[in-house]
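Engineer: my_file39.txt is reproduced in full below (compact mmCIF, C-alpha atoms).
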# COMPACT_ATOMS: atom_id res chain seq x y z
CA MET A 21 4.36 -107.73 145.86
CA PRO A 22 6.94 -108.65 148.56
CA PHE A 23 7.89 -111.53 146.32
CA LEU A 24 8.47 -109.16 143.42
CA LEU A 25 10.60 -106.94 145.65
CA LYS A 26 12.82 -109.92 146.41
CA GLY A 27 13.27 -110.22 142.67
CA VAL A 28 14.15 -106.54 142.47
CA VAL A 29 16.91 -107.08 145.05
CA VAL A 30 18.36 -109.91 142.96
CA THR A 31 18.17 -107.76 139.82
CA ILE A 32 20.01 -104.90 141.54
CA GLU A 33 22.63 -107.23 143.05
CA LEU A 34 23.25 -108.76 139.67
CA THR A 35 23.46 -105.36 137.97
CA VAL A 36 25.97 -104.02 140.48
CA MET A 37 28.23 -107.08 140.41
CA ALA A 38 28.09 -107.41 136.62
CA ALA A 39 28.76 -103.69 136.25
CA ILE A 40 31.87 -103.93 138.43
CA LEU A 41 33.16 -106.89 136.44
CA ALA A 42 32.31 -105.15 133.17
CA PHE A 43 34.13 -102.01 134.27
CA ILE A 44 37.27 -103.96 135.16
CA MET A 45 37.14 -106.00 131.95
CA ALA A 46 36.53 -102.86 129.90
CA PHE A 47 39.59 -101.16 131.35
CA ILE A 48 41.82 -104.19 130.88
CA ALA A 49 40.61 -104.81 127.33
CA GLY A 50 40.56 -101.12 126.45
CA PHE A 51 44.19 -100.72 127.45
CA ALA A 52 45.21 -104.05 125.94
CA ARG A 53 43.82 -102.93 122.57
CA LEU A 54 46.31 -100.06 122.71
CA SER A 55 49.21 -102.30 123.73
CA LYS A 56 52.56 -102.27 121.96
CA PHE A 57 52.48 -106.05 121.60
CA ALA A 58 50.55 -107.46 118.66
CA ILE A 59 49.73 -110.68 120.56
CA VAL A 60 48.02 -108.79 123.37
CA ARG A 61 46.09 -106.70 120.86
CA GLY A 62 45.12 -109.80 118.88
CA ILE A 63 43.86 -111.76 121.88
CA THR A 64 41.83 -108.82 123.10
CA GLN A 65 40.35 -108.26 119.68
CA ILE A 66 39.22 -111.89 119.57
CA TYR A 67 37.65 -111.53 123.02
CA VAL A 68 35.81 -108.38 121.98
CA GLU A 69 34.63 -109.77 118.65
CA ILE A 70 33.38 -113.03 120.17
CA PHE A 71 31.37 -111.32 122.87
CA ARG A 72 30.02 -108.63 120.57
CA GLY A 73 29.35 -110.99 117.69
CA THR A 74 27.32 -113.66 119.46
CA SER A 75 24.05 -113.04 121.14
CA LEU A 76 23.99 -112.41 124.88
CA LEU A 77 21.36 -115.07 125.43
CA VAL A 78 23.40 -117.61 123.48
CA GLN A 79 26.38 -116.83 125.70
CA LEU A 80 24.28 -117.28 128.84
CA PHE A 81 23.02 -120.64 127.59
CA TRP A 82 26.48 -121.70 126.58
CA VAL A 83 27.97 -121.01 130.00
CA TYR A 84 24.99 -122.44 131.84
CA PHE A 85 24.41 -125.59 129.77
CA VAL A 86 27.71 -126.34 128.02
CA LEU A 87 30.34 -125.59 130.64
CA PRO A 88 29.03 -128.27 133.05
CA PHE A 89 29.94 -130.64 130.23
CA PHE A 90 33.57 -129.72 130.87
CA GLY A 91 33.09 -130.14 134.58
CA ILE A 92 32.67 -126.45 135.34
CA GLU A 93 29.38 -125.98 137.09
CA LEU A 94 28.37 -122.42 137.88
CA SER A 95 25.30 -121.25 139.73
CA ALA A 96 22.77 -119.18 137.80
CA MET A 97 23.90 -116.06 139.66
CA MET A 98 27.58 -116.69 138.87
CA THR A 99 26.71 -117.32 135.23
CA GLY A 100 24.71 -114.13 135.05
CA VAL A 101 27.41 -111.97 136.59
CA LEU A 102 30.17 -113.59 134.52
CA VAL A 103 28.43 -113.42 131.15
CA LEU A 104 26.87 -109.98 131.60
CA GLY A 105 30.16 -108.64 132.91
CA LEU A 106 32.23 -110.08 130.09
CA ASN A 107 29.68 -109.10 127.44
CA TYR A 108 29.32 -105.48 128.51
CA GLY A 109 33.03 -105.33 129.25
CA ALA A 110 33.63 -106.10 125.59
CA TYR A 111 31.25 -103.36 124.46
CA ALA A 112 32.57 -100.81 126.93
CA SER A 113 36.22 -101.52 126.11
CA GLU A 114 35.62 -99.81 122.78
CA VAL A 115 34.45 -96.72 124.65
CA ILE A 116 37.57 -96.72 126.81
CA ARG A 117 39.82 -97.22 123.81
CA SER A 118 38.22 -94.51 121.70
CA SER A 119 38.14 -91.95 124.50
CA ILE A 120 41.85 -92.49 125.24
CA LEU A 121 42.58 -92.11 121.54
CA ALA A 122 40.48 -88.94 121.47
CA ILE A 123 42.99 -87.11 123.67
CA PRO A 124 45.25 -85.05 121.37
CA LYS A 125 48.76 -86.34 120.88
CA GLY A 126 50.18 -83.00 122.02
CA GLN A 127 49.10 -83.87 125.55
CA THR A 128 51.29 -86.96 125.59
CA GLU A 129 54.15 -85.02 124.02
CA ALA A 130 53.83 -82.30 126.63
CA GLY A 131 54.07 -85.00 129.28
CA ILE A 132 57.22 -86.40 127.66
CA ALA A 133 58.69 -82.89 127.46
CA LEU A 134 58.13 -82.56 131.21
CA ASN A 135 60.08 -85.81 131.68
CA MET A 136 57.11 -87.74 133.04
CA SER A 137 57.14 -91.53 132.90
CA PRO A 138 54.54 -93.15 130.57
CA SER A 139 52.48 -94.40 133.51
CA LEU A 140 52.49 -90.97 135.08
CA ILE A 141 51.39 -89.40 131.79
CA MET A 142 48.53 -91.89 131.63
CA LYS A 143 47.51 -91.31 135.23
CA ARG A 144 47.86 -87.54 135.49
CA ILE A 145 47.22 -86.29 131.98
CA ILE A 146 45.40 -88.74 129.71
CA LEU A 147 42.99 -90.51 132.06
CA PRO A 148 41.51 -87.45 133.78
CA GLN A 149 40.61 -86.03 130.38
CA ALA A 150 39.50 -89.33 128.87
CA MET A 151 37.27 -90.01 131.91
CA LEU A 152 35.10 -87.02 131.04
CA ILE A 153 34.58 -88.30 127.51
CA MET A 154 33.83 -91.88 128.51
CA LEU A 155 31.39 -91.26 131.36
CA PRO A 156 28.17 -90.64 129.37
CA PRO A 157 28.53 -93.63 127.02
CA LEU A 158 29.49 -95.86 129.96
CA GLY A 159 26.37 -94.67 131.73
CA ASN A 160 24.29 -95.65 128.73
CA TYR A 161 25.78 -99.11 128.83
CA LEU A 162 24.87 -99.35 132.51
CA ILE A 163 21.24 -98.72 131.58
CA GLU A 164 21.46 -101.36 128.85
CA LEU A 165 22.94 -103.71 131.45
CA ILE A 166 19.99 -103.22 133.82
CA LYS A 167 17.62 -104.11 131.01
CA SER A 168 19.67 -107.10 129.97
CA THR A 169 19.55 -108.61 133.46
CA ALA A 170 16.00 -109.67 132.58
CA LEU A 171 17.55 -112.34 130.37
CA VAL A 172 18.96 -114.25 133.33
CA SER A 173 15.41 -115.24 134.25
CA LEU A 174 15.71 -117.64 131.30
CA ILE A 175 18.51 -119.51 133.06
CA THR A 176 16.29 -119.76 136.14
CA LEU A 177 17.82 -117.02 138.26
CA HIS A 178 15.09 -115.61 140.49
CA ASP A 179 15.28 -112.01 139.38
CA LEU A 180 12.42 -109.56 138.88
CA MET A 181 11.34 -111.04 135.55
CA PHE A 182 11.41 -114.61 136.87
CA CYS A 183 9.43 -113.71 139.99
CA GLY A 184 6.88 -111.96 137.79
CA THR A 185 6.43 -115.07 135.66
CA MET A 186 6.12 -117.27 138.76
CA ILE A 187 3.50 -115.04 140.38
CA ASN A 188 1.65 -114.99 137.09
CA ASN A 189 1.63 -118.79 136.95
CA VAL A 190 0.17 -119.01 140.45
CA THR A 191 -2.30 -116.12 140.48
CA MET A 192 -3.16 -115.89 136.76
CA ARG A 193 -3.44 -112.12 137.15
CA THR A 194 -1.44 -111.55 134.00
CA ILE A 195 -2.35 -107.93 133.35
CA GLU A 196 -1.40 -106.65 136.80
CA VAL A 197 1.76 -108.73 137.16
CA TYR A 198 3.37 -107.95 133.84
CA SER A 199 2.36 -104.29 133.94
CA LEU A 200 3.91 -104.01 137.39
CA VAL A 201 7.11 -105.69 136.19
CA LEU A 202 7.39 -103.20 133.32
CA ILE A 203 6.80 -100.28 135.66
CA ILE A 204 9.42 -101.47 138.16
CA TYR A 205 12.03 -101.84 135.43
CA PHE A 206 11.14 -98.37 134.23
CA LEU A 207 11.56 -96.98 137.74
CA LEU A 208 14.96 -98.64 137.99
CA ALA A 209 16.29 -97.46 134.66
CA TYR A 210 14.70 -94.07 134.07
CA PRO A 211 16.26 -92.11 136.96
CA LEU A 212 19.64 -93.26 135.64
CA THR A 213 18.76 -92.04 132.16
CA LEU A 214 17.88 -88.63 133.56
CA ALA A 215 21.02 -88.52 135.68
CA ILE A 216 23.20 -89.31 132.67
CA ARG A 217 21.53 -86.64 130.57
CA ARG A 218 22.23 -84.08 133.27
CA LEU A 219 25.80 -85.26 133.57
CA GLU A 220 26.25 -84.98 129.83
CA LYS A 221 24.97 -81.42 129.87
CA ARG A 222 27.20 -80.43 132.75
CA LEU A 223 30.28 -82.01 131.25
CA SER A 224 29.78 -80.42 127.86
CA ALA A 225 29.17 -76.96 129.38
CA GLY A 226 32.25 -74.79 128.95
CA ARG A 227 34.17 -77.52 127.14
CA LEU A 228 34.63 -78.62 123.56
CA MET B 5 34.51 -134.81 123.25
CA TRP B 6 33.36 -132.82 120.26
CA ASP B 7 31.39 -135.13 117.96
CA TRP B 8 31.60 -134.00 114.34
CA GLU B 9 29.13 -136.56 113.05
CA PHE B 10 26.56 -135.36 115.53
CA THR B 11 27.30 -131.76 114.60
CA ILE B 12 26.70 -132.42 110.94
CA SER B 13 23.54 -134.39 111.64
CA ILE B 14 21.97 -131.48 113.55
CA LEU B 15 23.05 -128.79 111.11
CA PRO B 16 19.95 -129.00 108.84
CA LEU B 17 17.71 -128.60 111.90
CA LEU B 18 19.67 -125.57 113.07
CA LEU B 19 19.53 -123.98 109.63
CA GLU B 20 15.78 -124.50 109.68
CA GLY B 21 15.71 -122.57 112.96
CA LEU B 22 18.00 -119.95 111.50
CA LYS B 23 15.46 -119.36 108.75
CA ILE B 24 12.85 -118.42 111.36
CA THR B 25 15.39 -116.19 113.09
CA LEU B 26 16.15 -114.35 109.87
CA ILE B 27 12.47 -114.01 108.94
CA ALA B 28 11.71 -112.56 112.37
CA THR B 29 14.71 -110.21 112.14
CA PHE B 30 13.79 -108.77 108.77
CA LEU B 31 10.07 -108.48 109.46
CA ALA B 32 10.79 -106.72 112.74
CA PHE B 33 13.35 -104.46 111.07
CA GLY B 34 10.88 -103.46 108.36
CA PHE B 35 8.32 -102.73 111.05
CA ALA B 36 10.83 -100.71 113.08
CA VAL B 37 11.98 -98.69 110.07
CA VAL B 38 8.43 -97.58 109.28
CA VAL B 39 7.19 -97.09 112.84
CA GLY B 40 10.44 -95.42 113.87
CA LEU B 41 10.00 -92.79 111.18
CA LEU B 42 6.39 -92.20 112.19
CA LEU B 43 7.43 -91.86 115.84
CA ALA B 44 10.19 -89.43 114.89
CA ILE B 45 7.81 -87.27 112.88
CA ALA B 46 5.09 -87.42 115.53
CA SER B 47 7.46 -86.46 118.34
CA ARG B 48 8.43 -83.32 116.38
CA SER B 49 4.82 -82.35 115.83
CA SER B 50 3.77 -78.95 117.13
CA VAL B 51 0.53 -80.52 118.33
CA LYS B 52 1.34 -81.19 121.99
CA ILE B 53 -1.43 -83.78 122.40
CA LEU B 54 0.35 -85.87 119.78
CA SER B 55 4.01 -85.21 120.55
CA LEU B 56 3.97 -85.58 124.35
CA PRO B 57 2.39 -89.07 124.51
CA VAL B 58 4.69 -90.20 121.72
CA LYS B 59 7.73 -88.91 123.60
CA ALA B 60 6.55 -90.58 126.79
CA PHE B 61 5.99 -93.82 124.92
CA ILE B 62 9.51 -93.70 123.46
CA GLU B 63 11.07 -93.07 126.86
CA PHE B 64 9.08 -95.87 128.48
CA VAL B 65 9.86 -98.46 125.84
CA ARG B 66 13.53 -97.54 125.83
CA SER B 67 13.78 -97.85 129.60
CA THR B 68 12.23 -101.29 130.00
CA PRO B 69 13.70 -104.66 128.98
CA LEU B 70 12.70 -106.19 125.68
CA LEU B 71 11.99 -109.49 127.42
CA ALA B 72 9.43 -107.88 129.74
CA GLN B 73 7.78 -106.23 126.74
CA LEU B 74 7.61 -109.52 124.87
CA PHE B 75 5.95 -111.21 127.84
CA PHE B 76 3.53 -108.32 128.09
CA ILE B 77 2.55 -108.55 124.42
CA PHE B 78 2.35 -112.32 124.37
CA TYR B 79 0.54 -112.91 127.66
CA VAL B 80 -1.38 -109.71 128.38
CA PHE B 81 -2.79 -108.89 124.95
CA PRO B 82 -4.84 -112.12 124.80
CA LYS B 83 -6.65 -110.94 127.95
CA PHE B 84 -8.05 -108.15 125.81
CA GLY B 85 -9.06 -110.63 123.14
CA LEU B 86 -6.01 -110.18 120.94
CA VAL B 87 -4.38 -113.59 120.57
CA LEU B 88 -1.09 -113.48 118.69
CA THR B 89 1.06 -116.29 117.38
CA PRO B 90 4.60 -116.33 118.80
CA LEU B 91 6.04 -115.05 115.52
CA VAL B 92 3.62 -112.13 115.27
CA ALA B 93 4.06 -111.21 118.93
CA GLY B 94 7.83 -111.49 118.58
CA VAL B 95 7.98 -109.34 115.46
CA LEU B 96 5.69 -106.80 117.07
CA GLY B 97 7.70 -106.67 120.32
CA LEU B 98 11.11 -106.60 118.68
CA GLY B 99 9.96 -104.14 116.02
CA LEU B 100 8.34 -101.82 118.52
CA HIS B 101 11.33 -101.89 120.85
CA TYR B 102 13.76 -101.02 118.09
CA SER B 103 11.44 -98.49 116.46
CA THR B 104 11.98 -96.28 119.51
CA TYR B 105 15.74 -96.58 119.04
CA LEU B 106 15.45 -95.90 115.33
CA SER B 107 13.23 -92.88 115.99
CA GLU B 108 16.19 -91.33 117.83
CA VAL B 109 18.40 -92.12 114.85
CA TYR B 110 15.90 -90.51 112.50
CA ARG B 111 15.74 -87.54 114.82
CA SER B 112 19.48 -87.01 114.57
CA GLY B 113 19.23 -87.27 110.79
CA ILE B 114 16.36 -84.79 110.64
CA ASP B 115 18.07 -82.39 113.05
CA SER B 116 21.13 -82.24 110.82
CA ILE B 117 19.11 -80.79 107.94
CA PRO B 118 19.73 -77.05 107.68
CA ARG B 119 16.87 -74.73 108.60
CA GLY B 120 17.05 -73.21 105.16
CA GLN B 121 15.63 -76.38 103.65
CA TRP B 122 12.47 -76.04 105.72
CA GLU B 123 12.22 -72.38 104.88
CA ALA B 124 12.76 -73.02 101.17
CA ALA B 125 9.93 -75.56 101.22
CA LYS B 126 7.71 -73.04 102.93
CA ALA B 127 8.66 -70.35 100.42
CA LEU B 128 7.68 -72.71 97.61
CA ASN B 129 4.32 -73.21 99.29
CA PHE B 130 4.87 -76.94 99.80
CA SER B 131 2.38 -78.70 102.02
CA LYS B 132 3.70 -80.30 105.25
CA ALA B 133 3.40 -83.80 103.82
CA ARG B 134 5.21 -82.83 100.65
CA THR B 135 8.00 -81.10 102.59
CA TRP B 136 8.59 -84.32 104.51
CA ILE B 137 8.36 -86.66 101.56
CA SER B 138 10.28 -84.78 98.89
CA ILE B 139 12.70 -82.60 100.88
CA ILE B 140 13.41 -83.75 104.42
CA ILE B 141 13.33 -87.55 104.28
CA PRO B 142 15.46 -87.96 101.11
CA GLN B 143 18.21 -85.90 102.74
CA ALA B 144 17.86 -87.20 106.29
CA VAL B 145 17.92 -90.92 105.55
CA PRO B 146 21.13 -91.67 103.55
CA PRO B 147 23.57 -90.46 106.26
CA ILE B 148 21.91 -92.64 108.89
CA ILE B 149 21.85 -95.86 106.87
CA PRO B 150 25.04 -97.28 108.48
CA VAL B 151 23.62 -96.61 111.95
CA MET B 152 20.44 -98.41 110.94
CA GLY B 153 22.59 -101.28 109.72
CA ASN B 154 24.12 -101.54 113.17
CA TYR B 155 20.66 -101.68 114.69
CA LEU B 156 19.74 -104.44 112.24
CA ILE B 157 22.69 -106.46 113.56
CA GLY B 158 21.59 -105.65 117.09
CA MET B 159 18.08 -106.91 116.34
CA PHE B 160 19.49 -110.08 114.84
CA LYS B 161 21.36 -110.72 118.08
CA ASP B 162 18.21 -110.06 120.11
CA THR B 163 15.99 -112.54 118.26
CA PRO B 164 16.99 -115.44 120.57
CA LEU B 165 14.82 -113.68 123.16
CA LEU B 166 11.83 -114.72 121.11
CA SER B 167 12.50 -118.29 122.22
CA ALA B 168 11.16 -117.18 125.60
CA ILE B 169 7.72 -116.69 124.07
CA THR B 170 7.88 -120.18 122.56
CA LEU B 171 9.01 -119.23 119.06
CA VAL B 172 11.13 -122.09 117.76
CA GLU B 173 14.04 -120.16 116.28
CA VAL B 174 17.65 -121.21 116.12
CA LEU B 175 18.46 -121.10 119.85
CA GLN B 176 15.25 -122.85 120.82
CA THR B 177 16.01 -125.52 118.22
CA ALA B 178 19.43 -126.01 119.80
CA LYS B 179 17.87 -126.30 123.23
CA ILE B 180 15.38 -128.89 122.03
CA ILE B 181 18.16 -130.90 120.40
CA GLY B 182 20.12 -130.64 123.64
CA ALA B 183 17.19 -131.84 125.71
CA GLN B 184 16.59 -134.83 123.43
CA SER B 185 20.17 -135.98 123.03
CA PHE B 186 21.63 -134.72 126.34
CA ARG B 187 24.35 -133.06 124.30
CA TYR B 188 24.31 -129.31 124.70
CA LEU B 189 27.90 -128.78 123.66
CA GLU B 190 27.53 -129.01 119.89
CA PRO B 191 24.13 -127.39 119.29
CA ILE B 192 24.66 -124.32 121.46
CA THR B 193 28.25 -123.84 120.32
CA MET B 194 27.12 -124.09 116.70
CA VAL B 195 24.45 -121.45 117.34
CA GLY B 196 27.15 -119.20 118.76
CA VAL B 197 29.36 -119.79 115.73
CA ILE B 198 26.48 -119.07 113.34
CA PHE B 199 25.73 -115.81 115.12
CA LEU B 200 29.39 -114.83 115.16
CA ILE B 201 29.85 -115.46 111.44
CA LEU B 202 26.67 -113.71 110.36
CA SER B 203 27.04 -110.67 112.56
CA TYR B 204 30.74 -110.32 111.78
CA VAL B 205 30.13 -110.47 108.04
CA SER B 206 27.29 -107.98 108.26
CA SER B 207 29.32 -105.62 110.43
CA LEU B 208 31.98 -105.65 107.70
CA GLY B 209 29.20 -104.80 105.25
CA VAL B 210 28.13 -101.86 107.39
CA ARG B 211 31.72 -100.60 107.58
CA TRP B 212 31.99 -100.81 103.79
CA LEU B 213 28.72 -98.91 103.44
CA GLU B 214 30.02 -96.25 105.80
CA LEU B 215 33.19 -95.81 103.74
CA ARG B 216 31.22 -95.50 100.53
CA LEU B 217 28.86 -92.93 101.98
CA ASN B 218 31.77 -90.90 103.31
CA GLN B 219 33.35 -90.78 99.89
CA ARG B 220 30.38 -89.00 98.44
The structure given in the file should be rewritten as structure tokens.

Structural biologist:
Amino acid sequence: MPFLLKGVVVTIELTVMAAILAFIMAFIAGFARLSKFAIVRGITQIYVEIFRGTSLLVQLFWVYFVLPFFGIELSAMMTGVLVLGLNYGAYASEVIRSSILAIPKGQTEAGIALNMSPSLIMKRIILPQAMLIMLPPLGNYLIELIKSTALVSLITLHDLMFCGTMINNVTMRTIEVYSLVLIIYFLLAYPLTLAIRRLEKRLSAGRL
Amino acid sequence: MWDWEFTISILPLLLEGLKITLIATFLAFGFAVVVGLLLAIASRSSVKILSLPVKAFIEFVRSTPLLAQLFFIFYVFPKFGLVLTPLVAGVLGLGLHYSTYLSEVYRSGIDSIPRGQWEAAKALNFSKARTWISIIIPQAVPPIIPVMGNYLIGMFKDTPLLSAITLVEVLQTAKIIGAQSFRYLEPITMVGVIFLILSYVSSLGVRWLELRLNQR
């Protein structure tokens, strides 16, 4: 049990760090997809398509096994954070992009009429409204991210899943160990699910 | 650095693995389509003893990682005397996981059917089963087909997880090649390229399907 809890700590650490990276990547890529310059849009589109089109596990293996070939050796933790962050960043960038596009054009025009600079329009008018739209789907991706961290056990990071397998190998108490692992993951993810549902209800109340 | 001859020499092996991947994907999808519909119907049932456990089951499966579920099916079920081959366990795990997602998709399709349709069926004295089969399902399913297509692509991208329960699919094949030849670069990159091509092409297919359905 204490050993499993150590795994839980690693899982949470990984989730938080990957989520931060994913959030940053999502914002950069989401804005870049809306850029005036075709090159910026093109490069971002390639990034998004590559990470969405190939399997997460394949990406993890690629970074963990192939990059050392080029002399770049990353620890399992680094690999996990990097790949999960980039992968979910690619998915979430679509959310950012679509919620910015969902703000009516009249809002931007009103900002221009008030002689605001484009960055000020973005900061004061577009983003506060887009934030409300993007929060629930981003929350859902966070839950997906927690579940996906289990994959890093396959590149030998000692997270909850990996610790479960190790304990199972030593004690052979398969039923208890794997049931417990499932329950712990559930306890990690479910409160978030409930929180997001409440958030969604509160945000949609009195709007739309 | 990149060895084309080596790449071509391992391609047949990888395609062999890809075959297993595709078989697992489609079997699991078929399973999820059927079970998802059953879950969706059961969770709408007015019989609380049926609908509550089904709802709880859906929530639980959706909130836990697929990998943990696969391990559970593959390593815990044998303790109860149910020994499964990796392929069967993988199809079962993947199918069950996605059936809970698909049940939500079905639910949205069913919810969008106007009340009047239910009432009309009742007025015509249709039995419950007949209402579902000849009125609700034929109207609820076509609009959600593109969404289901997206889940099919998602399942395809999740099949590499089955390598963790010793199924030799395309990624596992690549890993074995890598371990034998000490060259991970080509096999794993090729797997990535294969996934990219297949899922990109099928996502274009889904978009086309969506356009066609919108036209109607």

Engineer: Report as a PDB file with C-alpha atoms, keeping the file's coordinate frame all protein, DNA and RNA residues lying within 6 Å of stretch 138-152 of chain B, evaluated on all atoms listed in the file, omitting residues in the same chain fewer than 3 positions from it.

Structural biologist:
ATOM      1  CA  GLY B 113      19.230 -87.270 110.790  1.00  0.00           C
ATOM      2  CA  ILE B 114      16.360 -84.790 110.640  1.00  0.00           C
ATOM      3  CA  ARG B 134       5.210 -82.830 100.650  1.00  0.00           C
ATOM      4  CA  THR B 135       8.000 -81.100 102.590  1.00  0.00           C
ATOM      5  CA  TYR B 155      20.660-101.680 114.690  1.00  0.00           C
ATOM      6  CA  VAL B 210      28.130-101.860 107.390  1.00  0.00           C
ATOM      7  CA  GLU B 214      30.020 -96.250 105.800  1.00  0.00           C
TER       8      GLU B 214
END

Engineer: Please provide the set of residues having any atom within 12 Å of A:Met192, restricted to only C-alpha atoms, with same-chain residues fewer than 5 positions apart removed, written as a VMD selection string.

Structural biologist: (chain A and resid 184 to 187 197 to 198) or (chain B and resid 79 to 80 83)

Engineer: May I ask you to extract the residues of chain B within 8 Å of chain A, using only C-alpha atoms, and to give them as number ranges by chain?

Structural biologist: B: 64, 67-73, 75-76, 79-80, 83, 161-162, 164-165, 168, 175, 188-189, 192-193, 195-197, 199-201, 203-204

Engineer: Do a neighbour search on A:Phe47 at 9 Å with all atoms listed in the file, toss out local chain neighbours closer than 4 positions, and write the hits as a list in words.

Structural biologist: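 Within the cut-off, the hits are Ala42, Phe43, Phe51, Ala52, Gly109, Ala112, Ser113, Ile116 and Arg117 of chain A.
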
Engineer: Using Å and a single decimal, report how far atom CA of B:Ser107 sits from atom CA of B:Ala44.

Structural biologist: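 These two atoms are separated by 4.7 Å.
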
Engineer: Determine, counting all atoms listed in the file, which protein, DNA and RNA residues have an atom within 12 Å of an atom of stretch 28-36 of chain B; residues of the same chain fewer than 4 positions away are not included. Present the result as a PyMOL selection string.

Structural biologist: chain B and resi 21-24+40-44+90-110+152-167+171-174

Engineer: One number please: atom CA of A:Ala110 to atom CA of A:Ala46, in Å, one decimal.

Structural biologist: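 So the answer is 6.1 Å.
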
Engineer: Atom CA of B:Gln121 and atom CA of B:Ser49 are how many Å apart?

Structural biologist: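 Atom-to-atom, atom CA of B:Gln121 to atom CA of B:Ser49, that is 17.3 Å.
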
Engineer: What's around A:Ala96 at 7 Å? Count all atoms listed in the file, leave out sequence neighbours fewer than 3 positions away in its own chain, and write the answer as a list of chain:residue names.

Structural biologist: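 The residues satisfying every condition are A:Thr99, A:Gly100, A:Ile175, A:Thr176, A:Leu177.
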
Engineer: Set up a box along x, y and z of the file covering all listed atoms of stretch 75-83 of chain A, add 5 Å on every one of the six sides, and write the centre and edge lengths in Å to one decimal, as AutoDock Vina command-line options.

Structural biologist:
--center_x 24.7 --center_y -117.1 --center_z 125.6 --size_x 16.6 --size_y 19.3 --size_z 18.9

Engineer: Determine, counting only C-alpha atoms, every residue of protein, DNA or RNA that lies within 10 Å of (27.4, -103.0, 138.1) in the file coordinates, then give the result as a PyMOL selection string.

Structural biologist: chain A and resi 32-43+101+104-105+162-163+165-166

Engineer: Can you patch up stretch 163-176 of chain B, filling it in to N, CA and C atoms, and show the result as an mmCIF file, in the frame of the given file?

Structural biologist:
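File written: selection-v8.cif
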data_model
loop_
_atom_site.group_PDB
_atom_site.id
_atom_site.type_symbol
_atom_site.label_atom_id
_atom_site.label_comp_id
_atom_site.auth_asym_id
_atom_site.auth_seq_id
_atom_site.Cartn_x
_atom_site.Cartn_y
_atom_site.Cartn_z
ATOM 1 N N THR B 163 17.082 -111.611 118.579
ATOM 2 C CA THR B 163 15.990 -112.540 118.260
ATOM 3 C C THR B 163 15.975 -113.790 119.133
ATOM 4 N N PRO B 164 17.110 -114.269 119.697
ATOM 5 C CA PRO B 164 16.990 -115.440 120.570
ATOM 6 C C PRO B 164 16.022 -115.222 121.728
ATOM 7 N N LEU B 165 15.780 -113.946 122.086
ATOM 8 C CA LEU B 165 14.820 -113.680 123.160
ATOM 9 C C LEU B 165 13.448 -114.206 122.811
ATOM 10 N N LEU B 166 13.154 -114.275 121.508
ATOM 11 C CA LEU B 166 11.830 -114.720 121.110
ATOM 12 C C LEU B 166 11.600 -116.182 121.497
ATOM 13 N N SER B 167 12.691 -116.910 121.770
ATOM 14 C CA SER B 167 12.500 -118.290 122.220
ATOM 15 C C SER B 167 11.744 -118.321 123.538
ATOM 16 N N ALA B 168 11.846 -117.225 124.312
ATOM 17 C CA ALA B 168 11.160 -117.180 125.600
ATOM 18 C C ALA B 168 9.648 -117.129 125.436
ATOM 19 N N ILE B 169 9.169 -116.643 124.288
ATOM 20 C CA ILE B 169 7.720 -116.690 124.070
ATOM 21 C C ILE B 169 7.407 -117.817 123.075
ATOM 22 N N THR B 170 8.149 -118.898 123.217
ATOM 23 C CA THR B 170 7.880 -120.180 122.560
ATOM 24 C C THR B 170 8.021 -120.157 121.047
ATOM 25 N N LEU B 171 8.734 -119.174 120.491
ATOM 26 C CA LEU B 171 9.010 -119.230 119.060
ATOM 27 C C LEU B 171 10.196 -120.168 118.855
ATOM 28 N N VAL B 172 10.047 -121.127 117.967
ATOM 29 C CA VAL B 172 11.130 -122.090 117.760
ATOM 30 C C VAL B 172 12.097 -121.532 116.714
ATOM 31 N N GLU B 173 13.019 -120.668 117.176
ATOM 32 C CA GLU B 173 14.040 -120.160 116.280
ATOM 33 C C GLU B 173 15.334 -120.938 116.542
ATOM 34 N N VAL B 174 16.445 -120.389 116.135
ATOM 35 C CA VAL B 174 17.650 -121.210 116.120
ATOM 36 C C VAL B 174 18.100 -121.632 117.525
ATOM 37 N N LEU B 175 18.014 -120.729 118.502
ATOM 38 C CA LEU B 175 18.460 -121.100 119.850
ATOM 39 C C LEU B 175 17.529 -122.122 120.488
ATOM 40 N N GLN B 176 16.225 -121.911 120.271
ATOM 41 C CA GLN B 176 15.250 -122.850 120.820
ATOM 42 C C GLN B 176 15.445 -124.240 120.197
#
